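Colleague: Contents are CSV, C-alpha atoms; file name final-v3.csv:
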```
chain,number,residue,atom,x,y,z
A,1,MET,CA,156.0,150.5,-56.5
A,2,ASN,CA,152.9,152.6,-56.3
A,3,HIS,CA,151.4,152.5,-52.8
A,4,ASP,CA,148.7,154.8,-51.9
A,5,ARG,CA,147.6,155.3,-48.3
A,6,ARG,CA,144.2,153.4,-48.8
A,7,ASP,CA,145.9,150.3,-50.1
A,8,PHE,CA,148.4,150.4,-47.3
A,9,LEU,CA,145.7,150.7,-44.6
A,10,ALA,CA,143.8,147.8,-46.2
A,11,ARG,CA,146.8,145.6,-46.2
A,12,SER,CA,147.7,146.4,-42.6
A,13,GLY,CA,144.1,145.8,-41.5
A,14,LYS,CA,144.2,142.4,-43.0
A,15,LEU,CA,147.5,141.6,-41.3
A,16,LEU,CA,146.2,142.8,-38.0
A,17,PHE,CA,143.1,140.5,-38.4
A,18,LEU,CA,145.2,137.5,-39.4
A,19,THR,CA,147.6,138.0,-36.5
A,20,GLY,CA,144.6,137.6,-34.1
A,21,ALA,CA,143.4,134.5,-35.9
A,22,ALA,CA,146.8,132.9,-35.9
A,23,GLN,CA,147.2,133.6,-32.2
A,24,LEU,CA,143.9,131.8,-31.5
A,25,ALA,CA,145.1,128.8,-33.5
A,26,PHE,CA,148.5,128.8,-31.8
A,27,ASP,CA,146.8,128.8,-28.4
A,28,ALA,CA,145.1,125.5,-29.4
A,29,VAL,CA,148.4,124.1,-30.4
A,30,LEU,CA,150.1,125.1,-27.1
A,31,ARG,CA,147.3,123.6,-25.1
A,32,GLY,CA,148.3,120.2,-26.4
A,33,GLU,CA,146.4,117.0,-25.5
A,34,PRO,CA,142.7,117.6,-25.7
A,35,GLU,CA,141.9,114.9,-23.1
A,36,SER,CA,143.0,115.8,-19.6
A,37,ALA,CA,141.3,112.7,-18.1
A,38,PRO,CA,143.0,109.3,-18.3
A,39,ASN,CA,141.5,106.4,-20.0
A,40,TYR,CA,138.8,108.4,-21.8
A,41,LYS,CA,139.5,109.9,-25.2
A,42,THR,CA,136.7,112.0,-26.5
A,43,THR,CA,137.7,111.3,-30.0
A,44,ASP,CA,137.3,107.5,-29.5
A,45,HIS,CA,133.5,107.7,-28.9
A,46,TRP,CA,130.4,108.8,-30.6
A,47,TRP,CA,127.4,108.4,-28.3
A,48,GLY,CA,123.9,107.7,-29.3
A,49,MET,CA,120.8,105.9,-27.9
A,50,THR,CA,118.3,103.4,-29.1
A,51,VAL,CA,114.7,103.4,-27.9
A,52,ASP,CA,112.5,100.4,-28.5
A,53,VAL,CA,109.0,101.8,-28.3
A,54,GLU,CA,107.5,98.4,-28.2
A,55,LYS,CA,109.4,97.6,-25.0
A,56,CYS,CA,108.4,100.7,-23.1
A,57,ILE,CA,105.9,99.9,-20.3
A,58,GLY,CA,105.6,103.5,-19.1
A,59,CYS,CA,106.8,102.7,-15.5
A,60,GLY,CA,108.6,106.1,-15.2
A,61,ASN,CA,111.8,104.6,-13.8
A,62,CYS,CA,113.8,106.7,-16.3
A,63,VAL,CA,112.1,109.9,-15.3
A,64,ARG,CA,112.7,109.3,-11.6
A,65,ALA,CA,116.2,108.1,-12.0
A,66,CYS,CA,117.1,111.1,-14.2
A,67,LYS,CA,115.9,113.5,-11.7
A,68,GLU,CA,117.8,111.8,-8.9
A,69,GLU,CA,121.0,111.5,-10.9
A,70,ASN,CA,121.0,115.0,-12.4
A,71,ASP,CA,119.4,117.1,-9.7
A,72,VAL,CA,116.5,118.1,-12.0
A,73,PRO,CA,114.0,120.3,-10.1
A,74,ARG,CA,111.1,118.2,-9.0
A,75,GLU,CA,108.5,121.0,-8.4
A,76,PRO,CA,107.7,122.7,-10.6
A,77,PHE,CA,108.1,119.8,-13.0
A,78,TYR,CA,111.0,120.1,-15.4
A,79,PHE,CA,112.5,117.2,-17.3
A,80,ARG,CA,115.6,116.0,-19.0
A,81,THR,CA,113.7,112.9,-20.0
A,82,TRP,CA,110.0,112.2,-19.8
A,83,VAL,CA,107.6,109.6,-21.2
A,84,GLU,CA,104.6,110.4,-23.3
A,85,ARG,CA,101.5,108.3,-23.7
A,86,TYR,CA,100.0,108.3,-27.2
A,87,HIS,CA,96.4,107.3,-27.8
A,88,VAL,CA,95.5,107.1,-31.5
A,89,PRO,CA,91.8,106.7,-32.1
A,90,ASN,CA,90.7,104.9,-35.3
A,91,GLY,CA,94.2,104.7,-36.6
A,92,ASP,CA,94.2,108.5,-37.3
A,93,ILE,CA,97.9,109.3,-37.0
A,94,GLU,CA,97.2,112.9,-37.7
A,95,ARG,CA,95.3,113.4,-34.5
A,96,PRO,CA,96.8,111.5,-31.6
A,97,GLN,CA,95.9,112.3,-28.0
A,98,VAL,CA,99.1,112.7,-26.1
A,99,ASP,CA,99.5,113.1,-22.4
A,100,SER,CA,102.4,112.9,-20.0
A,101,PRO,CA,101.1,113.5,-16.4
A,102,ASP,CA,104.1,114.9,-14.6
A,103,GLY,CA,106.3,113.5,-17.3
A,104,GLY,CA,105.4,110.0,-16.2
A,105,TYR,CA,107.2,110.6,-12.9
A,106,ASP,CA,104.4,108.8,-11.0
A,107,GLY,CA,103.5,106.4,-13.8
A,108,PHE,CA,100.4,106.6,-15.9
A,109,PRO,CA,97.0,106.2,-14.2
A,110,GLU,CA,94.8,104.2,-16.5
A,111,LYS,CA,92.7,106.5,-18.6
A,112,TYR,CA,91.7,104.5,-21.6
A,113,ARG,CA,89.7,101.3,-22.0
A,114,THR,CA,90.6,98.3,-24.1
A,115,GLY,CA,88.5,97.7,-27.2
A,116,ASP,CA,87.8,101.4,-27.9
A,117,GLY,CA,89.3,101.0,-31.4
A,118,ALA,CA,92.4,103.0,-30.6
A,119,LYS,CA,96.0,102.1,-30.2
A,120,SER,CA,98.0,103.2,-27.2
A,121,PHE,CA,101.7,103.2,-26.5
A,122,PHE,CA,104.4,104.9,-24.5
A,123,VAL,CA,107.2,107.0,-26.1
A,124,PRO,CA,110.2,108.0,-23.9
A,125,LYS,CA,111.7,111.3,-24.9
A,126,LEU,CA,115.0,112.8,-24.2
A,127,CYS,CA,117.6,115.0,-25.9
A,128,ASN,CA,118.3,113.4,-29.3
A,129,HIS,CA,122.0,114.5,-29.2
A,130,CYS,CA,121.8,115.7,-32.7
A,131,ALA,CA,125.0,115.9,-34.8
A,132,HIS,CA,123.7,119.2,-36.3
A,133,SER,CA,121.9,120.6,-33.4
A,134,PRO,CA,119.6,123.6,-34.0
A,135,CYS,CA,120.1,124.6,-30.3
A,136,VAL,CA,123.8,124.8,-30.7
A,137,GLN,CA,123.6,126.8,-33.8
A,138,VAL,CA,121.5,129.6,-32.2
A,139,CYS,CA,123.5,130.0,-29.0
A,140,PRO,CA,124.9,133.5,-29.2
A,141,VAL,CA,127.8,132.9,-26.7
A,142,GLY,CA,128.9,129.3,-27.3
A,143,ALA,CA,127.4,128.1,-24.0
A,144,THR,CA,126.1,124.9,-25.6
A,145,PHE,CA,128.0,122.7,-28.0
A,146,GLU,CA,128.4,119.3,-29.5
A,147,SER,CA,131.3,117.7,-27.7
A,148,PRO,CA,133.9,115.8,-29.7
A,149,ASP,CA,132.2,112.5,-28.6
A,150,GLY,CA,128.8,113.6,-29.9
A,151,VAL,CA,127.0,114.8,-26.8
A,152,VAL,CA,125.2,118.1,-26.7
A,153,LEU,CA,126.4,119.7,-23.5
A,154,VAL,CA,125.7,123.0,-21.7
A,155,ASP,CA,128.4,125.3,-20.2
A,156,LYS,CA,126.4,126.5,-17.2
A,157,THR,CA,129.0,129.1,-16.2
A,158,TYR,CA,128.8,130.7,-19.6
A,159,CYS,CA,125.0,130.5,-20.3
A,160,LEU,CA,123.2,133.8,-20.3
A,161,GLY,CA,119.8,132.3,-20.0
A,162,CYS,CA,118.6,134.0,-23.2
A,163,ARG,CA,116.3,131.0,-24.1
A,164,TYR,CA,117.1,131.0,-27.8
A,165,CYS,CA,118.0,127.3,-27.6
A,166,VAL,CA,114.9,126.5,-25.7
A,167,GLN,CA,112.9,127.7,-28.7
A,168,ALA,CA,115.3,126.3,-31.2
A,169,CYS,CA,115.1,122.7,-30.0
A,170,PRO,CA,112.5,120.9,-32.2
A,171,TYR,CA,112.0,118.2,-29.6
A,172,GLY,CA,111.3,120.4,-26.5
A,173,CYS,CA,114.2,119.0,-24.6
A,174,ARG,CA,115.5,122.1,-22.9
A,175,TYR,CA,114.3,124.1,-19.9
A,176,ILE,CA,115.5,127.0,-17.8
A,177,ASP,CA,116.5,125.9,-14.4
A,178,PRO,CA,114.5,128.1,-12.0
A,179,ARG,CA,117.4,128.1,-9.5
A,180,THR,CA,120.2,129.2,-11.7
A,181,HIS,CA,118.2,130.9,-14.6
A,182,THR,CA,120.5,129.0,-17.0
A,183,VAL,CA,119.5,126.4,-19.4
A,184,ASP,CA,119.6,122.7,-18.6
A,185,LYS,CA,119.1,119.6,-20.6
A,186,CYS,CA,119.9,115.9,-20.9
A,187,SER,CA,123.7,115.5,-20.8
A,188,LEU,CA,123.4,111.9,-21.7
A,189,CYS,CA,124.8,111.4,-18.1
A,190,TYR,CA,128.2,112.6,-19.4
A,191,HIS,CA,129.6,112.2,-15.9
A,192,ARG,CA,128.6,108.6,-16.0
A,193,ILE,CA,129.3,107.5,-19.6
A,194,THR,CA,132.9,108.9,-19.5
A,195,LYS,CA,133.5,106.7,-16.4
A,196,GLY,CA,132.3,103.5,-18.2
A,197,LEU,CA,128.8,103.5,-16.7
A,198,THR,CA,125.6,103.7,-18.7
A,199,THR,CA,123.1,106.6,-18.3
A,200,ALA,CA,120.8,106.6,-15.2
A,201,CYS,CA,117.8,106.1,-17.5
A,202,CYS,CA,119.3,103.1,-19.2
A,203,GLU,CA,120.6,101.7,-15.9
A,204,THR,CA,117.1,101.7,-14.4
A,205,CYS,CA,115.0,100.8,-17.5
A,206,PRO,CA,113.6,97.4,-16.5
A,207,THR,CA,112.8,96.2,-20.0
A,208,GLU,CA,115.9,97.6,-21.8
A,209,ALA,CA,113.7,99.7,-23.9
A,210,ARG,CA,116.4,102.3,-24.0
A,211,VAL,CA,120.0,101.4,-24.5
A,212,LEU,CA,123.0,103.7,-24.7
A,213,GLY,CA,125.4,103.0,-27.6
A,214,ASP,CA,128.8,104.1,-28.7
A,215,LEU,CA,128.6,104.3,-32.5
A,216,LYS,CA,132.4,104.5,-32.8
A,217,ASN,CA,132.9,101.2,-31.0
A,218,PRO,CA,132.5,98.4,-33.6
A,219,LYS,CA,131.8,95.9,-30.8
A,220,ASP,CA,128.9,97.9,-29.3
A,221,PRO,CA,125.5,96.0,-29.6
A,222,ILE,CA,124.0,99.2,-31.0
A,223,HIS,CA,125.2,98.3,-34.5
A,224,GLU,CA,123.5,95.0,-34.3
A,225,PHE,CA,120.3,96.7,-33.1
A,226,LEU,CA,120.4,99.2,-36.0
A,227,ARG,CA,121.0,96.5,-38.5
A,228,THR,CA,118.2,94.2,-37.3
A,229,HIS,CA,115.5,96.8,-36.4
A,230,LYS,CA,113.6,99.2,-38.5
A,231,VAL,CA,114.6,102.5,-36.9
A,232,GLN,CA,113.6,106.1,-37.3
A,233,VAL,CA,114.6,109.4,-35.7
A,234,LEU,CA,112.2,112.0,-34.5
A,235,LYS,CA,111.4,114.7,-37.1
A,236,PRO,CA,113.8,113.4,-39.7
A,237,GLN,CA,112.6,116.2,-42.1
A,238,MET,CA,114.5,118.7,-39.9
A,239,ALA,CA,117.8,117.1,-40.7
A,240,THR,CA,119.1,117.5,-37.2
A,241,GLY,CA,121.3,114.5,-37.3
A,242,SER,CA,119.6,113.0,-34.3
A,243,LYS,CA,121.4,110.1,-32.7
A,244,THR,CA,118.4,108.8,-30.7
A,245,TYR,CA,117.1,106.0,-32.8
A,246,TYR,CA,113.5,104.8,-32.2
A,247,SER,CA,112.4,101.3,-33.2
A,248,GLY,CA,108.7,100.6,-33.6
A,249,LEU,CA,107.9,104.3,-33.9
A,250,ASP,CA,104.4,105.2,-34.9
A,251,GLY,CA,103.7,107.9,-37.5
A,252,SER,CA,101.6,109.8,-35.0
A,253,VAL,CA,104.7,110.6,-32.8
A,254,ARG,CA,105.8,114.2,-33.0
B,1,MET,CA,162.9,155.7,-52.6
B,2,GLY,CA,163.5,159.3,-52.1
B,3,ASP,CA,159.8,159.8,-51.8
B,4,LEU,CA,159.5,157.3,-49.1
B,5,PHE,CA,162.1,159.0,-46.9
B,6,ARG,CA,160.6,162.4,-47.6
B,7,HIS,CA,157.2,161.2,-46.3
B,8,GLY,CA,158.6,158.9,-43.6
B,9,GLY,CA,156.6,160.7,-40.9
B,10,HIS,CA,153.4,159.2,-42.3
B,11,LEU,CA,154.9,155.7,-42.2
B,12,ILE,CA,155.9,156.0,-38.6
B,13,ARG,CA,152.5,157.3,-37.6
B,14,VAL,CA,150.8,154.4,-39.4
B,15,ALA,CA,153.2,151.9,-37.9
B,16,GLY,CA,152.4,153.4,-34.5
B,17,LEU,CA,148.6,153.0,-35.2
B,18,PHE,CA,149.2,149.4,-36.3
B,19,VAL,CA,151.1,148.6,-33.1
B,20,ALA,CA,148.5,150.3,-31.0
B,21,GLY,CA,145.8,148.3,-32.8
B,22,VAL,CA,147.5,145.0,-32.2
B,23,LEU,CA,147.9,145.9,-28.5
B,24,VAL,CA,144.2,146.9,-28.2
B,25,PHE,CA,143.2,143.6,-29.9
B,26,LEU,CA,145.4,141.5,-27.6
B,27,VAL,CA,144.2,143.3,-24.4
B,28,LEU,CA,140.5,143.0,-25.5
B,29,GLN,CA,141.0,139.3,-26.4
B,30,ALA,CA,142.6,138.5,-23.1
B,31,LEU,CA,139.8,140.2,-21.3
B,32,LEU,CA,136.9,139.0,-23.2
B,33,VAL,CA,137.7,135.5,-24.5
B,34,PRO,CA,137.5,132.9,-21.7
B,35,GLU,CA,140.3,130.4,-21.2
B,36,GLY,CA,140.1,127.5,-23.6
B,37,PHE,CA,137.5,129.0,-25.9
B,38,GLY,CA,137.8,127.8,-29.5
B,39,VAL,CA,140.1,124.9,-28.8
B,40,TYR,CA,137.6,122.3,-30.1
B,41,GLY,CA,135.0,124.7,-31.4
B,42,HIS,CA,132.9,127.7,-30.5
B,43,TYR,CA,132.8,126.9,-26.8
B,44,ARG,CA,135.0,126.7,-23.7
B,45,ALA,CA,137.1,123.5,-23.7
B,46,GLY,CA,136.9,123.4,-19.9
B,47,ALA,CA,133.2,123.0,-20.0
B,48,ILE,CA,133.6,119.4,-21.2
B,49,GLU,CA,135.6,118.6,-18.0
B,50,GLU,CA,133.1,120.4,-15.9
B,51,ASN,CA,130.3,118.2,-17.2
B,52,ARG,CA,132.3,115.2,-16.3
B,53,VAL,CA,133.2,115.9,-12.7
B,54,ARG,CA,129.9,115.3,-11.0
B,55,PRO,CA,129.3,112.5,-8.6
B,56,VAL,CA,127.1,109.6,-9.7
B,57,ALA,CA,123.9,108.6,-7.8
B,58,PHE,CA,123.4,105.2,-9.4
B,59,ALA,CA,126.3,102.9,-8.8
B,60,GLY,CA,125.5,100.5,-11.7
B,61,ARG,CA,124.9,96.8,-11.6
B,62,ALA,CA,128.6,95.9,-11.8
B,63,ALA,CA,129.3,97.6,-8.5
B,64,CYS,CA,126.3,95.9,-6.8
B,65,VAL,CA,127.3,92.5,-8.0
B,66,GLU,CA,130.8,92.9,-6.6
B,67,CYS,CA,129.5,92.2,-3.1
B,68,HIS,CA,126.0,90.8,-3.8
B,69,SER,CA,127.0,88.1,-6.2
B,70,ASP,CA,124.4,85.7,-4.9
B,71,VAL,CA,121.5,87.9,-6.3
B,72,PRO,CA,122.3,87.5,-10.0
B,73,ASP,CA,122.6,83.8,-9.4
B,74,ALA,CA,119.1,83.8,-7.8
B,75,MET,CA,117.8,85.8,-10.8
B,76,LYS,CA,119.3,83.6,-13.4
B,77,GLY,CA,116.8,82.1,-15.8
B,78,GLY,CA,113.9,84.2,-14.3
B,79,ARG,CA,112.0,86.9,-16.1
B,80,HIS,CA,113.7,89.6,-14.0
B,81,ALA,CA,117.2,88.5,-14.9
B,82,ALA,CA,117.9,91.5,-17.1
B,83,VAL,CA,116.5,94.0,-14.6
B,84,HIS,CA,119.3,96.0,-13.0
B,85,CYS,CA,119.4,96.2,-9.2
B,86,GLU,CA,118.8,100.0,-8.9
B,87,ALA,CA,115.8,99.8,-11.1
B,88,CYS,CA,113.9,98.6,-8.0
B,89,HIS,CA,116.2,99.4,-5.1
B,90,GLY,CA,116.9,103.0,-6.1
B,91,PRO,CA,120.1,105.0,-6.4
B,92,LEU,CA,122.8,103.5,-4.2
B,93,ALA,CA,126.1,104.9,-5.2
B,94,GLY,CA,126.6,106.0,-1.6
B,95,HIS,CA,126.0,102.4,-0.4
B,96,ALA,CA,128.5,101.2,-3.0
B,97,VAL,CA,131.2,103.5,-1.6
B,98,ASP,CA,130.4,102.9,2.1
B,99,PRO,CA,128.1,100.0,2.7
B,100,ALA,CA,127.6,101.0,6.3
B,101,GLU,CA,126.6,104.5,5.6
B,102,LYS,CA,123.5,104.1,3.4
B,103,LYS,CA,121.5,100.9,3.5
B,104,ALA,CA,119.3,99.8,0.6
B,105,ALA,CA,115.6,100.1,1.5
B,106,ARG,CA,113.4,97.1,0.9
B,107,PRO,CA,110.9,98.5,-1.5
B,108,ASP,CA,107.2,98.2,-0.8
B,109,SER,CA,106.3,95.4,-3.1
B,110,ARG,CA,102.7,96.5,-3.9
B,111,ALA,CA,103.7,100.0,-5.0
B,112,LEU,CA,106.8,98.8,-6.7
B,113,CYS,CA,105.4,95.9,-8.7
B,114,ALA,CA,102.4,97.9,-9.8
B,115,ARG,CA,104.6,100.5,-11.4
B,116,CYS,CA,105.4,98.0,-14.1
B,117,HIS,CA,102.7,95.3,-13.8
B,118,ALA,CA,99.5,97.2,-13.1
B,119,ALA,CA,97.2,96.8,-16.1
B,120,ASN,CA,97.4,99.6,-18.6
B,121,VAL,CA,96.1,99.8,-22.1
B,122,ALA,CA,99.1,101.6,-23.4
B,123,ARG,CA,101.5,98.8,-22.1
B,124,PRO,CA,102.6,96.3,-24.7
B,125,ALA,CA,100.0,93.5,-24.8
B,126,ARG,CA,102.5,90.8,-24.3
B,127,PHE,CA,103.9,92.4,-21.1
B,128,PRO,CA,102.6,90.6,-18.0
B,129,GLN,CA,100.0,92.9,-16.3
B,130,VAL,CA,97.3,92.4,-13.7
B,131,GLU,CA,94.5,94.3,-12.2
B,132,VAL,CA,96.2,94.5,-8.8
B,133,LYS,CA,93.1,94.7,-6.7
B,134,GLU,CA,91.4,91.8,-8.5
B,135,HIS,CA,94.6,89.7,-8.7
B,136,ALA,CA,95.8,90.0,-5.1
B,137,GLY,CA,93.2,91.8,-3.0
B,138,ASP,CA,95.3,93.5,-0.3
B,139,GLU,CA,97.9,90.8,-0.2
B,140,ALA,CA,101.6,91.8,-0.8
B,141,CYS,CA,102.9,90.6,-4.1
B,142,THR,CA,105.9,88.9,-2.4
B,143,THR,CA,103.5,86.6,-0.6
B,144,CYS,CA,103.3,84.5,-3.7
B,145,HIS,CA,106.1,85.8,-6.0
B,146,ALA,CA,109.8,86.0,-5.4
B,147,ALA,CA,110.7,89.5,-6.6
B,148,HIS,CA,114.1,88.4,-7.9
B,149,LYS,CA,112.7,85.4,-9.8
B,150,PRO,CA,109.0,85.8,-10.2
B,151,GLY,CA,106.6,83.3,-11.8
B,152,LEU,CA,104.4,80.8,-10.1
B,153,GLU,CA,106.1,77.7,-11.6
B,154,LYS,CA,109.4,78.0,-9.8
B,155,GLY,CA,109.6,81.2,-8.1
B,156,VAL,CA,106.8,80.8,-5.7
B,157,THR,CA,108.0,81.4,-2.2
B,158,GLN,CA,105.2,79.8,-0.2
```
Starting from the file, give its structure as structure tokens.

Modeller:
Amino acid sequence: MNHDRRDFLARSGKLLFLTGAAQLAFDAVLRGEPESAPNYKTTDHWWGMTVDVEKCIGCGNCVRACKEENDVPREPFYFRTWVERYHVPNGDIERPQVDSPDGGYDGFPEKYRTGDGAKSFFVPKLCNHCAHSPCVQVCPVGATFESPDGVVLVDKTYCLGCRYCVQACPYGCRYIDPRTHTVDKCSLCYHRITKGLTTACCETCPTEARVLGDLKNPKDPIHEFLRTHKVQVLKPQMATGSKTYYSGLDGSVR
Amino acid sequence: MGDLFRHGGHLIRVAGLFVAGVLVFLVLQALLVPEGFGVYGHYRAGAIEENRVRPVAFAGRAACVECHSDVPDAMKGGRHAAVHCEACHGPLAGHAVDPAEKKAARPDSRALCARCHAANVARPARFPQVEVKEHAGDEACTTCHAAHKPGLEKGVTQ
């Protein structure tokens, strides 16, 4: 056999690299069961949400409840969920007037008049919990991720606060918490849904405009909703795999 | 074979380098990679659990109904039947755990009802809305309407 030194070093380099990779994989095997908590298996769920725009009355209950539930800073105003008011004059969906005074926290003071030839409606916004999240892709340290049950979560102890994800989210769903200087966003009330409760926003929505759904549960009413309603996700052209399905969505909504 | 033994010194040096490389890799990995990283993906597995272990603020309707089973009965058939308790009464997980500790506040009906029912162009047209001032003057909504089962046909309280 004809070994030269270069060949030998190349081979040993490869072996060295593969040993490391194998060790990482073996760690995963040793760790065993992924679900440390009883009665909840992450692999049994795939969370999403439906939002019926035609049912939203802009009361702001979701915004207030979210802030209470998730300790979202009140002043200055940051949001995990917020409500936008769209006003589309003359049916021109290219130029909607959009406002969201304090995210809808105190409701929407009447600003428009009836009979002005425009259509107006409310659109609740939140993290779309994309299956292919741009925010997750750009995180340089793995501090944000899609959990095995389809929720985009933040690892607060590991976030650097570099703001890449804030810029990457096409839906503007992330903010830097001024107290911790790390990123924060809708967690789909992960601490609630894994205990069998619904999210705070869905719990307090008086018209059931927003409903949490488990897409892996064949008995979940979300399937019936998706079958019987004409639904759309926000910015479908970005192929984010959004799991927040809007029914009755107008073309002016960005 | 003879060649290999003649130059064995090279092999030993390279093997030493190899072992040292492995050791450096393992030490760096142990120092830099947090526990559980890479188990499910490019993130710390423990972060999932950390996101779970927060206390809840809203108890959820099921918890309310455990004690206040009379209220859903009163709401039955009314237009508020589907509205969950904490939508109006606020977050009450503390009350659900210890009813003595935190009492549910009786909401101010004018402010509360107006949140949903004050006339607004952007609200769906079929949703019941009123110009509060015109409709009620300074009267409280609950003077005429039962909050749990509104509507003047059956729900009127006086």

Colleague: Once you count all atoms listed in the file, what closest atom pair and distance in Å to one decimal does each residue of chain B within 9 Å of chain A have, with rows by chain and rising residue number, as a Markdown table?

Modeller:
```
| residue | atom | partner | partner_atom | distance |
| --- | --- | --- | --- | --- |
| B:Val14 | CA | A:Leu9 | CA | 8.2 |
| B:Phe18 | CA | A:Ser12 | CA | 7.1 |
| B:Gly21 | CA | A:Leu16 | CA | 7.6 |
| B:Val22 | CA | A:Leu16 | CA | 6.3 |
| B:Phe25 | CA | A:Gly20 | CA | 7.5 |
| B:Leu26 | CA | A:Gly20 | CA | 7.6 |
| B:Gln29 | CA | A:Gly20 | CA | 8.7 |
| B:Gly36 | CA | A:Ala28 | CA | 7.9 |
| B:Phe37 | CA | A:Gly142 | CA | 8.7 |
| B:Gly38 | CA | A:Leu24 | CA | 7.6 |
| B:Val39 | CA | A:Ala28 | CA | 5.1 |
| B:Tyr40 | CA | A:Pro148 | CA | 7.5 |
| B:Gly41 | CA | A:Phe145 | CA | 8.0 |
| B:His42 | CA | A:Gly142 | CA | 5.4 |
| B:Tyr43 | CA | A:Gly142 | CA | 4.6 |
| B:Arg44 | CA | A:Gly142 | CA | 7.5 |
| B:Ala45 | CA | A:Pro34 | CA | 8.4 |
| B:Gly46 | CA | A:Asp155 | CA | 8.7 |
| B:Ala47 | CA | A:Asp155 | CA | 5.3 |
| B:Ile48 | CA | A:Ser147 | CA | 7.1 |
| B:Glu49 | CA | A:Ser36 | CA | 8.1 |
| B:Glu50 | CA | A:Asp155 | CA | 8.0 |
| B:Asn51 | CA | A:His191 | CA | 6.2 |
| B:Arg52 | CA | A:His191 | CA | 4.1 |
| B:Val53 | CA | A:His191 | CA | 6.1 |
| B:Arg54 | CA | A:His191 | CA | 5.8 |
| B:Pro55 | CA | A:His191 | CA | 7.3 |
| B:Val56 | CA | A:Glu69 | CA | 6.5 |
| B:Ala57 | CA | A:Glu69 | CA | 5.1 |
| B:Phe58 | CA | A:Ala200 | CA | 6.5 |
| B:Ala59 | CA | A:Leu197 | CA | 8.3 |
| B:Gly60 | CA | A:Glu203 | CA | 6.6 |
| B:Arg61 | CA | A:Glu203 | CA | 7.8 |
| B:His80 | CA | A:Pro206 | CA | 8.2 |
| B:Ala82 | CA | A:Pro206 | CA | 7.3 |
| B:Val83 | CA | A:Pro206 | CA | 4.9 |
| B:His84 | CA | A:Thr204 | CA | 6.3 |
| B:Cys85 | CA | A:Thr204 | CA | 7.9 |
| B:Glu86 | CA | A:Thr204 | CA | 6.0 |
| B:Ala87 | CA | A:Thr204 | CA | 4.0 |
| B:Cys88 | CA | A:Thr204 | CA | 7.8 |
| B:Gly90 | CA | A:Ala65 | CA | 7.8 |
| B:Pro91 | CA | A:Ala65 | CA | 7.5 |
| B:Ala114 | CA | A:Cys59 | CA | 8.7 |
| B:Arg115 | CA | A:Cys59 | CA | 5.1 |
| B:Cys116 | CA | A:Cys59 | CA | 5.1 |
| B:His117 | CA | A:Ile57 | CA | 8.6 |
| B:Ala119 | CA | A:Glu110 | CA | 7.8 |
| B:Asn120 | CA | A:Glu110 | CA | 5.7 |
| B:Val121 | CA | A:Thr114 | CA | 6.0 |
| B:Ala122 | CA | A:Ser120 | CA | 4.3 |
| B:Arg123 | CA | A:Ile57 | CA | 4.9 |
| B:Pro124 | CA | A:Glu54 | CA | 6.4 |
| B:Phe127 | CA | A:Ile57 | CA | 7.8 |
```

Colleague: List every protein, DNA or RNA residue with an atom no more than 9 Å from (96.9, 95.8, -8.0) in the file's coordinates, counting all atoms listed in the file, and format the result as an MDAnalysis selection string.

Modeller: chainID B and resid 110:111 113:114 117:119 130:138 141

Colleague: When you draw a straight line from CA of Cys186 (chain A) to CA of Tyr246 (chain A), how long is it in Å?

Modeller: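 Computed distance, CA of Cys186 (chain A) to CA of Tyr246 (chain A), equals 17.1 Å.
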
Colleague: Given the choices B:Gly78, B:Gly8, B:Asp98, B:Arg106, which gets closest to Pro150 (chain B) if the distance is worked out from only C-alpha atoms?

Modeller: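 Between B:Gly78, B:Gly8, B:Asp98, B:Arg106, the residue approaching Pro150 (chain B) most closely is B:Gly78.
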
Colleague: Figure out the distance between CA of Val152 (chain A) and CA of Thr240 (chain A), please, to one decimal in Å.

Modeller: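 Computed distance, CA of Thr240 (chain A) to CA of Val152 (chain A), equals 12.2 Å.
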
Colleague: So the first atom is CA of Val183 (chain A) and the second is CA of Cys159 (chain A); what is the distance between them in Å, to one decimal place?

Modeller: 6.9 Å

Colleague: For the point (121.3, 132.4, -15.7) in the file's frame, write as a list in words all residues with an atom no more than 7 Å away, counting all atoms listed in the file.

Modeller: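 Counting all atoms listed in the file, I find these residues within 7 Å of (121.3, 132.4, -15.7): Cys159, Leu160, Gly161, Thr180, His181 and Thr182 of chain A.
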
Colleague: Atoms to include: C-alpha atoms. Write the selected residues as a CSV table (one decimal), in the frame of the given file.

Modeller:
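The result, written out as part37.csv:
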```csv
chain,number,residue,atom,x,y,z
A,159,CYS,CA,125.0,130.5,-20.3
A,160,LEU,CA,123.2,133.8,-20.3
A,161,GLY,CA,119.8,132.3,-20.0
A,180,THR,CA,120.2,129.2,-11.7
A,181,HIS,CA,118.2,130.9,-14.6
A,182,THR,CA,120.5,129.0,-17.0
```

Colleague: Give me the residues within 9 Å of Lys103 (chain B) as a list of chain:residue names, counting only C-alpha atoms and dropping any in the same chain fewer than 5 places off.

Modeller: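 Once the nearby chain positions are removed, what remains is B:Leu92, B:Gly94, B:His95.
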
Colleague: Nearest residue to Cys127 (chain A) out of A:Asp184, A:Asp44, A:Asp214, A:Asp7, using all atoms listed in the file?

Modeller: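 Comparing A:Asp184, A:Asp44, A:Asp214, A:Asp7 against Cys127 (chain A), the winner is A:Asp184.
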
Colleague: Tell me, as a PyMOL selection string, which residues lie within 9 Å of Gly77 (chain B), counting all atoms listed in the file; anything in the same chain fewer than 4 positions away does not count.

Modeller: chain B and resi 73+81+149

Colleague: Given the selection you just returned, output its residues as a file containing C-alpha atoms, formatted as a PDB file, in the frame of the given file.

Modeller:
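Output file selection_24.pdb follows:
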```pdb
ATOM      1  CA  ASP B  73     122.600  83.800  -9.400  1.00  0.00           C
ATOM      2  CA  ALA B  81     117.200  88.500 -14.900  1.00  0.00           C
ATOM      3  CA  LYS B 149     112.700  85.400  -9.800  1.00  0.00           C
TER       4      LYS B 149
END
```
